[in-house]
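Shown next: protein.pdb, given as PDB, C-alpha atoms.
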ATOM      1  CA  VAL A1244     152.079 -67.672 161.165  1.00  0.00           C
ATOM      2  CA  ILE A1245     153.937 -68.805 164.280  1.00  0.00           C
ATOM      3  CA  VAL A1246     156.160 -71.894 164.550  1.00  0.00           C
ATOM      4  CA  ASN A1247     157.029 -73.277 167.990  1.00  0.00           C
ATOM      5  CA  PRO A1248     159.713 -73.847 168.971  1.00  0.00           C
ATOM      6  CA  SER A1249     161.685 -71.733 166.497  1.00  0.00           C
ATOM      7  CA  ILE A1250     164.933 -73.415 167.623  1.00  0.00           C
ATOM      8  CA  ASN A1251     164.924 -76.997 168.869  1.00  0.00           C
ATOM      9  CA  ASN A1252     168.091 -78.461 170.411  1.00  0.00           C
ATOM     10  CA  SER A1253     167.784 -82.233 170.399  1.00  0.00           C
ATOM     11  CA  PHE A1254     169.881 -85.360 170.651  1.00  0.00           C
ATOM     12  CA  ASN A1255     170.084 -88.120 168.102  1.00  0.00           C
ATOM     13  CA  GLY A1256     167.054 -90.385 168.517  1.00  0.00           C
ATOM     14  CA  SER A1257     164.886 -87.960 170.493  1.00  0.00           C
ATOM     15  CA  ILE A1258     161.342 -87.038 169.475  1.00  0.00           C
ATOM     16  CA  VAL A1259     160.883 -83.542 168.009  1.00  0.00           C
ATOM     17  CA  ILE A1260     157.479 -81.855 167.781  1.00  0.00           C
ATOM     18  CA  LEU A1261     157.116 -78.713 165.670  1.00  0.00           C
ATOM     19  CA  THR A1262     153.812 -76.835 165.833  1.00  0.00           C
ATOM     20  CA  CYS A1263     152.514 -74.270 163.365  1.00  0.00           C
ATOM     21  CA  SER A1264     149.627 -71.953 164.147  1.00  0.00           C
ATOM     22  CA  ALA A1265     147.930 -69.173 162.230  1.00  0.00           C
ATOM     23  CA  ARG A1266     145.273 -66.546 162.671  1.00  0.00           C
ATOM     24  CA  GLY A1267     142.684 -65.965 160.073  1.00  0.00           C
ATOM     25  CA  GLY A1268     140.946 -68.347 157.815  1.00  0.00           C
ATOM     26  CA  PRO A1269     138.683 -69.973 157.136  1.00  0.00           C
ATOM     27  CA  PHE A1270     140.120 -73.072 155.533  1.00  0.00           C
ATOM     28  CA  ASN A1271     143.784 -72.649 156.441  1.00  0.00           C
ATOM     29  CA  GLN A1272     146.022 -75.204 154.733  1.00  0.00           C
ATOM     30  CA  PHE A1273     149.358 -76.147 156.298  1.00  0.00           C
ATOM     31  CA  GLN A1274     152.484 -77.455 154.612  1.00  0.00           C
ATOM     32  CA  TRP A1275     155.775 -78.366 156.316  1.00  0.00           C
ATOM     33  CA  THR A1276     158.860 -78.405 154.077  1.00  0.00           C
ATOM     34  CA  TYR A1277     162.294 -79.739 155.025  1.00  0.00           C
ATOM     35  CA  LEU A1278     164.462 -77.048 153.441  1.00  0.00           C
ATOM     36  CA  ARG A1279     167.614 -79.196 153.082  1.00  0.00           C
ATOM     37  CA  THR A1280     165.806 -81.404 150.572  1.00  0.00           C
ATOM     38  CA  GLY A1281     162.833 -79.269 149.561  1.00  0.00           C
ATOM     39  CA  TYR A1282     160.471 -82.159 150.355  1.00  0.00           C
ATOM     40  CA  ASN A1283     156.967 -81.654 151.733  1.00  0.00           C
ATOM     41  CA  VAL A1284     157.041 -83.656 154.982  1.00  0.00           C
ATOM     42  CA  SER A1285     153.575 -82.947 156.430  1.00  0.00           C
ATOM     43  CA  ASN A1286     150.285 -81.200 155.763  1.00  0.00           C
ATOM     44  CA  GLU A1287     149.266 -81.067 159.422  1.00  0.00           C
ATOM     45  CA  THR A1288     149.590 -78.254 161.960  1.00  0.00           C
ATOM     46  CA  GLN A1289     151.966 -80.399 163.998  1.00  0.00           C
ATOM     47  CA  TYR A1290     154.963 -82.303 162.608  1.00  0.00           C
ATOM     48  CA  THR A1291     156.524 -85.039 164.789  1.00  0.00           C
ATOM     49  CA  PHE A1292     159.695 -86.965 163.919  1.00  0.00           C
ATOM     50  CA  THR A1293     162.806 -88.586 165.380  1.00  0.00           C
ATOM     51  CA  SER A1294     165.890 -86.378 165.302  1.00  0.00           C
ATOM     52  CA  SER A1295     169.049 -87.509 163.553  1.00  0.00           C
ATOM     53  CA  ILE A1296     171.719 -85.955 161.357  1.00  0.00           C
ATOM     54  CA  TYR A1297     169.391 -86.721 158.449  1.00  0.00           C
ATOM     55  CA  THR A1298     166.445 -84.820 159.951  1.00  0.00           C
ATOM     56  CA  GLY A1299     168.342 -81.915 161.512  1.00  0.00           C
ATOM     57  CA  GLY A1300     168.259 -78.542 159.809  1.00  0.00           C
ATOM     58  CA  GLU A1301     165.654 -75.961 158.855  1.00  0.00           C
ATOM     59  CA  TYR A1302     161.925 -76.537 158.394  1.00  0.00           C
ATOM     60  CA  GLU A1303     159.388 -74.145 156.934  1.00  0.00           C
ATOM     61  CA  CYS A1304     155.675 -74.045 157.713  1.00  0.00           C
ATOM     62  CA  GLU A1305     153.546 -72.389 155.048  1.00  0.00           C
ATOM     63  CA  VAL A1306     149.950 -71.500 155.817  1.00  0.00           C
ATOM     64  CA  SER A1307     147.703 -70.578 152.926  1.00  0.00           C
ATOM     65  CA  ASN A1308     144.069 -69.662 152.417  1.00  0.00           C
ATOM     66  CA  ARG A1309     142.018 -67.529 150.020  1.00  0.00           C
ATOM     67  CA  ALA A1310     143.664 -64.363 151.350  1.00  0.00           C
ATOM     68  CA  GLY A1311     147.219 -65.543 150.531  1.00  0.00           C
ATOM     69  CA  ASN A1312     150.037 -67.346 152.275  1.00  0.00           C
ATOM     70  CA  GLU A1313     152.651 -66.779 154.987  1.00  0.00           C
ATOM     71  CA  THR A1314     155.625 -68.783 156.247  1.00  0.00           C
ATOM     72  CA  ASP A1315     157.710 -69.196 159.380  1.00  0.00           C
ATOM     73  CA  ASN A1316     160.747 -71.374 160.012  1.00  0.00           C
ATOM     74  CA  ALA A1317     162.116 -73.647 162.708  1.00  0.00           C
ATOM     75  CA  VAL A1318     165.690 -74.925 163.141  1.00  0.00           C
ATOM     76  CA  VAL A1319     166.381 -78.382 164.555  1.00  0.00           C
ATOM     77  CA  ASN A1320     169.900 -78.844 165.952  1.00  0.00           C
ATOM     78  CA  VAL A1321     171.089 -82.409 166.609  1.00  0.00           C
ATOM     79  CA  GLY A1322     173.993 -83.734 168.639  1.00  0.00           C
ATOM     80  CA  PRO A1323     176.868 -83.616 168.834  1.00  0.00           C
ATOM     81  CA  ILE A1324     177.971 -87.235 169.204  1.00  0.00           C
ATOM     82  CA  ILE A1325     181.560 -88.503 169.058  1.00  0.00           C
ATOM     83  CA  ILE A1326     181.341 -91.639 166.939  1.00  0.00           C
ATOM     84  CA  MET A1327     185.087 -92.350 166.869  1.00  0.00           C
ATOM     85  CA  GLY A1328     187.540 -90.965 169.420  1.00  0.00           C
ATOM     86  CA  PRO A1329     191.308 -91.275 169.554  1.00  0.00           C
ATOM     87  CA  GLU A1330     192.675 -94.775 170.128  1.00  0.00           C
ATOM     88  CA  SER A1331     195.604 -95.776 172.343  1.00  0.00           C
ATOM     89  CA  VAL A1332     198.974 -95.819 170.562  1.00  0.00           C
ATOM     90  CA  ASN A1333     202.554 -96.645 171.562  1.00  0.00           C
ATOM     91  CA  VAL A1334     205.360 -94.911 169.684  1.00  0.00           C
ATOM     92  CA  SER A1335     209.117 -94.488 169.889  1.00  0.00           C
ATOM     93  CA  ILE A1336     210.102 -91.050 171.193  1.00  0.00           C
ATOM     94  CA  ASP A1337     211.788 -88.645 168.716  1.00  0.00           C
ATOM     95  CA  THR A1338     211.371 -90.996 165.770  1.00  0.00           C
ATOM     96  CA  GLU A1339     207.703 -91.595 165.119  1.00  0.00           C
ATOM     97  CA  ASN A1340     204.733 -89.409 164.358  1.00  0.00           C
ATOM     98  CA  ILE A1341     201.466 -89.803 166.240  1.00  0.00           C
ATOM     99  CA  THR A1342     198.191 -89.560 164.333  1.00  0.00           C
ATOM    100  CA  LEU A1343     194.921 -89.431 166.270  1.00  0.00           C
ATOM    101  CA  ASN A1344     191.441 -89.272 164.727  1.00  0.00           C
ATOM    102  CA  CYS A1345     188.176 -87.934 166.064  1.00  0.00           C
ATOM    103  CA  THR A1346     184.907 -88.217 164.123  1.00  0.00           C
ATOM    104  CA  VAL A1347     181.753 -86.442 165.285  1.00  0.00           C
ATOM    105  CA  ILE A1348     178.219 -86.046 163.975  1.00  0.00           C
ATOM    106  CA  GLY A1349     175.633 -83.342 164.539  1.00  0.00           C
ATOM    107  CA  VAL A1350     173.602 -80.579 162.916  1.00  0.00           C
ATOM    108  CA  PRO A1351     175.009 -78.015 162.559  1.00  0.00           C
ATOM    109  CA  ILE A1352     178.385 -79.705 162.066  1.00  0.00           C
ATOM    110  CA  PRO A1353     180.082 -79.665 165.501  1.00  0.00           C
ATOM    111  CA  ASP A1354     183.367 -77.991 166.343  1.00  0.00           C
ATOM    112  CA  ILE A1355     186.108 -80.274 167.693  1.00  0.00           C
ATOM    113  CA  THR A1356     188.545 -79.376 170.464  1.00  0.00           C
ATOM    114  CA  TRP A1357     191.555 -81.545 171.339  1.00  0.00           C
ATOM    115  CA  ILE A1358     192.517 -82.092 174.987  1.00  0.00           C
ATOM    116  CA  HIS A1359     195.891 -83.331 176.289  1.00  0.00           C
ATOM    117  CA  ASN A1360     196.123 -84.459 179.930  1.00  0.00           C
ATOM    118  CA  GLY A1361     193.021 -82.462 180.816  1.00  0.00           C
ATOM    119  CA  SER A1362     194.086 -79.198 179.117  1.00  0.00           C
ATOM    120  CA  VAL A1363     192.730 -77.843 175.847  1.00  0.00           C
ATOM    121  CA  LEU A1364     195.400 -77.719 173.143  1.00  0.00           C
ATOM    122  CA  ASN A1365     195.830 -74.159 171.911  1.00  0.00           C
ATOM    123  CA  SER A1366     197.793 -72.780 168.972  1.00  0.00           C
ATOM    124  CA  ASP A1367     200.893 -72.077 171.125  1.00  0.00           C
ATOM    125  CA  ASP A1368     201.004 -75.719 172.280  1.00  0.00           C
ATOM    126  CA  MET A1369     200.640 -76.957 168.740  1.00  0.00           C
ATOM    127  CA  PHE A1370     203.370 -74.686 167.345  1.00  0.00           C
ATOM    128  CA  SER A1371     205.943 -75.553 170.044  1.00  0.00           C
ATOM    129  CA  ASP A1372     205.201 -79.288 169.902  1.00  0.00           C
ATOM    130  CA  LYS A1373     204.955 -79.510 166.096  1.00  0.00           C
ATOM    131  CA  MET A1374     201.301 -80.518 166.158  1.00  0.00           C
ATOM    132  CA  PHE A1375     198.928 -80.112 163.263  1.00  0.00           C
ATOM    133  CA  ILE A1376     195.162 -80.412 163.122  1.00  0.00           C
ATOM    134  CA  ASP A1377     193.363 -81.113 159.872  1.00  0.00           C
ATOM    135  CA  ILE A1378     189.589 -80.839 159.636  1.00  0.00           C
ATOM    136  CA  PHE A1379     187.538 -82.649 157.021  1.00  0.00           C
ATOM    137  CA  ASP A1380     183.789 -82.209 156.602  1.00  0.00           C
ATOM    138  CA  GLU A1381     182.518 -85.491 155.294  1.00  0.00           C
ATOM    139  CA  VAL A1382     178.993 -86.705 154.663  1.00  0.00           C
ATOM    140  CA  VAL A1383     176.043 -84.699 155.958  1.00  0.00           C
ATOM    141  CA  GLY A1384     176.602 -83.611 159.550  1.00  0.00           C
ATOM    142  CA  THR A1385     179.941 -85.433 159.954  1.00  0.00           C
ATOM    143  CA  ARG A1386     183.339 -83.909 160.776  1.00  0.00           C
ATOM    144  CA  LEU A1387     186.703 -85.665 161.039  1.00  0.00           C
ATOM    145  CA  SER A1388     189.600 -84.040 162.905  1.00  0.00           C
ATOM    146  CA  VAL A1389     193.097 -85.514 162.588  1.00  0.00           C
ATOM    147  CA  LEU A1390     195.707 -84.529 165.199  1.00  0.00           C
ATOM    148  CA  THR A1391     199.266 -85.229 164.038  1.00  0.00           C
ATOM    149  CA  ILE A1392     202.282 -84.890 166.353  1.00  0.00           C
ATOM    150  CA  VAL A1393     205.562 -84.860 164.426  1.00  0.00           C
ATOM    151  CA  SER A1394     208.486 -86.759 165.997  1.00  0.00           C
ATOM    152  CA  ALA A1395     206.828 -87.377 169.356  1.00  0.00           C
ATOM    153  CA  ARG A1396     208.769 -86.192 172.416  1.00  0.00           C
ATOM    154  CA  PRO A1397     208.433 -87.080 176.113  1.00  0.00           C
ATOM    155  CA  ASN A1398     206.160 -84.078 176.797  1.00  0.00           C
ATOM    156  CA  ASN A1399     203.693 -85.472 174.239  1.00  0.00           C
ATOM    157  CA  THR A1400     202.954 -88.542 176.386  1.00  0.00           C
ATOM    158  CA  GLY A1401     199.652 -88.809 178.200  1.00  0.00           C
ATOM    159  CA  ASP A1402     195.952 -88.904 177.524  1.00  0.00           C
ATOM    160  CA  TYR A1403     194.418 -87.283 174.450  1.00  0.00           C
ATOM    161  CA  SER A1404     190.714 -86.836 173.923  1.00  0.00           C
ATOM    162  CA  CYS A1405     188.428 -84.810 171.707  1.00  0.00           C
ATOM    163  CA  ASN A1406     185.428 -82.729 172.661  1.00  0.00           C
ATOM    164  CA  ALA A1407     182.560 -81.820 170.328  1.00  0.00           C
ATOM    165  CA  THR A1408     180.400 -78.721 170.714  1.00  0.00           C
TER     166      THR A1408
END
Once more with this new file: its structure as structure tokens, please.
Amino acid sequence: VIVNPSINNSFNGSIVILTCSARGGPFNQFQWTYLRTGYNVSNETQYTFTSSIYTGGEYECEVSNRAGNETDNAVVNVGPIIIMGPESVNVSIDTENITLNCTVIGVPIPDITWIHNGSVLNSDDMFSDKMFIDIFDEVVGTRLSVLTIVSARPNNTGDYSCNAT
């Protein structure tokens, strides 16, 4: 049994075509299963669908005939998409905290990187500037990252953005 492609990198809303082929026979029967749910999604050699966070993940093609059965798998990756980036805020220096949110979707769940004035924030920056990042995995394929800057100082001013990979 051979599934093509074995890894499919797609974007939300794109068409995905998975093809299963087998040697042998006669009378091969095909069954595609979406492993996240365990549901049989097709009994054809080719399975076509629209990618989304709800259809991303692993699929199994099982081919069976009188001689037995064999399986092969395909992985469909989706995204990532930033669905909510940080919003503009004005704060008083040395007295207020800044809280910025970034929500992304994708399968597998994307990693989030924070950027300040064009430079990636690293652990040294966060320690010296009293910054904290909390990560929350929410519903299927969704991640929320919260960047908190305690008692904002002049060097914290500028543009913040998030990047999803």
Can you translate the PyMOL selection byres ((chain A and resi 1274-1282) around 7) into the concrete residues it hits in this file, as a compact mmCIF listing (two decimals) with C-alpha atoms, in the coordinates of the input?
# COMPACT_ATOMS: atom_id res chain seq x y z
CA GLN A 1272 146.02 -75.20 154.73
CA PHE A 1273 149.36 -76.15 156.30
CA ASN A 1283 156.97 -81.65 151.73
CA VAL A 1284 157.04 -83.66 154.98
CA SER A 1285 153.57 -82.95 156.43
CA ASN A 1286 150.28 -81.20 155.76
CA GLU A 1287 149.27 -81.07 159.42
CA GLY A 1300 168.26 -78.54 159.81
CA GLU A 1301 165.65 -75.96 158.85
CA TYR A 1302 161.93 -76.54 158.39
CA GLU A 1303 159.39 -74.14 156.93
CA CYS A 1304 155.68 -74.04 157.71
CA GLU A 1305 153.55 -72.39 155.05
CA VAL A 1306 149.95 -71.50 155.82
| field | Expected selection from the PyMOL selection byres ((chain A and resi 1253) around 8), given as a count of residues only | value | 11
| Of the listed residues A:Ser1331, A:Thr1385, A:Thr1400, A:Thr1314, that which approaches Ile1296 in chain A most closely, counting all atoms listed in the file |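 Closest to Ile1296 in chain A, using all atoms listed in the file: A:Thr1385.
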| message | Using all atoms listed in the file, which protein or nucleic acid residues come within 12 Å of Arg1266 in chain A? Drop anything in the same chain fewer than 3 positions from it, and give the result as a ChimeraX atom specification. | response | /A:1244-1245,1263,1269-1272,1306-1308,1310,1312-1313
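Reported to one decimal place, the separation of CA of Ser1388 in chain A from CA of Asp1402 in chain A is 16.7 Å.
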| message | To one decimal place in Å, what is the distance between CA of His1359 in chain A and CA of Ala1407 in chain A? | response | 14.7 Å
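With only the atoms specified (only C-alpha atoms) counting, those residues at most 6 Å away from (160.5, -81.4, 166.5) are Val1259, Ile1260, Leu1261 and Thr1291 of chain A.
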Preceding selection exported with C-alpha atoms as a short mmCIF file (atom, residue, chain, number, x, y, z; two decimals), keeping the file's coordinate frame:
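Written out: again_18.cif:
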data_model
loop_
_atom_site.label_atom_id
_atom_site.label_comp_id
_atom_site.auth_asym_id
_atom_site.auth_seq_id
_atom_site.Cartn_x
_atom_site.Cartn_y
_atom_site.Cartn_z
CA VAL A 1259 160.88 -83.54 168.01
CA ILE A 1260 157.48 -81.86 167.78
CA LEU A 1261 157.12 -78.71 165.67
CA THR A 1291 156.52 -85.04 164.79
#
| task | Measure the distance from CA of Trp1357 in chain A to CA of Gly1256 in chain A in Å and round it to one decimal. | result |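 Interatomic distance, CA of Trp1357 in chain A to CA of Gly1256 in chain A: 26.2 Å.
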| For Ile1392 in chain A: contacts at 7 Å, all atoms listed in the file, fewer than 2 positions along chain excluded, given as a list in words | Asn1340, Ile1341, Thr1342, Lys1373, Met1374, Phe1375, Leu1390, Ser1394 and Ala1395 of chain A
Translate the PyMOL selection byres ((chain A and resi 1326) around 7) into a concrete residue list for this structure, as a CSV table (one decimal) with C-alpha atoms, in the frame of the given file.
chain,number,residue,atom,x,y,z
A,1324,ILE,CA,178.0,-87.2,169.2
A,1325,ILE,CA,181.6,-88.5,169.1
A,1327,MET,CA,185.1,-92.4,166.9
A,1328,GLY,CA,187.5,-91.0,169.4
A,1346,THR,CA,184.9,-88.2,164.1
A,1347,VAL,CA,181.8,-86.4,165.3
| query | Which residue out of A:Cys1405, A:Ala1265, A:Val1318, A:Val1389 has the minimum interatomic distance to Leu1343 in chain A when all atoms listed in the file are used? | reply |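 Once distances to Leu1343 in chain A are computed over all atoms listed in the file, the minimum belongs to A:Val1389.
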| task | Would you mind listing what lies within 10 Å of Thr1356 in chain A as JSON, numbers by chain, with only C-alpha atoms counted and same-chain residues fewer than 3 positions away left out? | result | {"A": [1345, 1353, 1363, 1364, 1365, 1376, 1388, 1404, 1405, 1406, 1407, 1408]}
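Neighbours of Pro1397 in chain A closer than or equal to 10 Å, with only C-alpha atoms counted and sequence neighbours fewer than 3 positions away skipped, come out as Ser1335, Ile1336, Asp1337, Thr1400 and Gly1401 of chain A.
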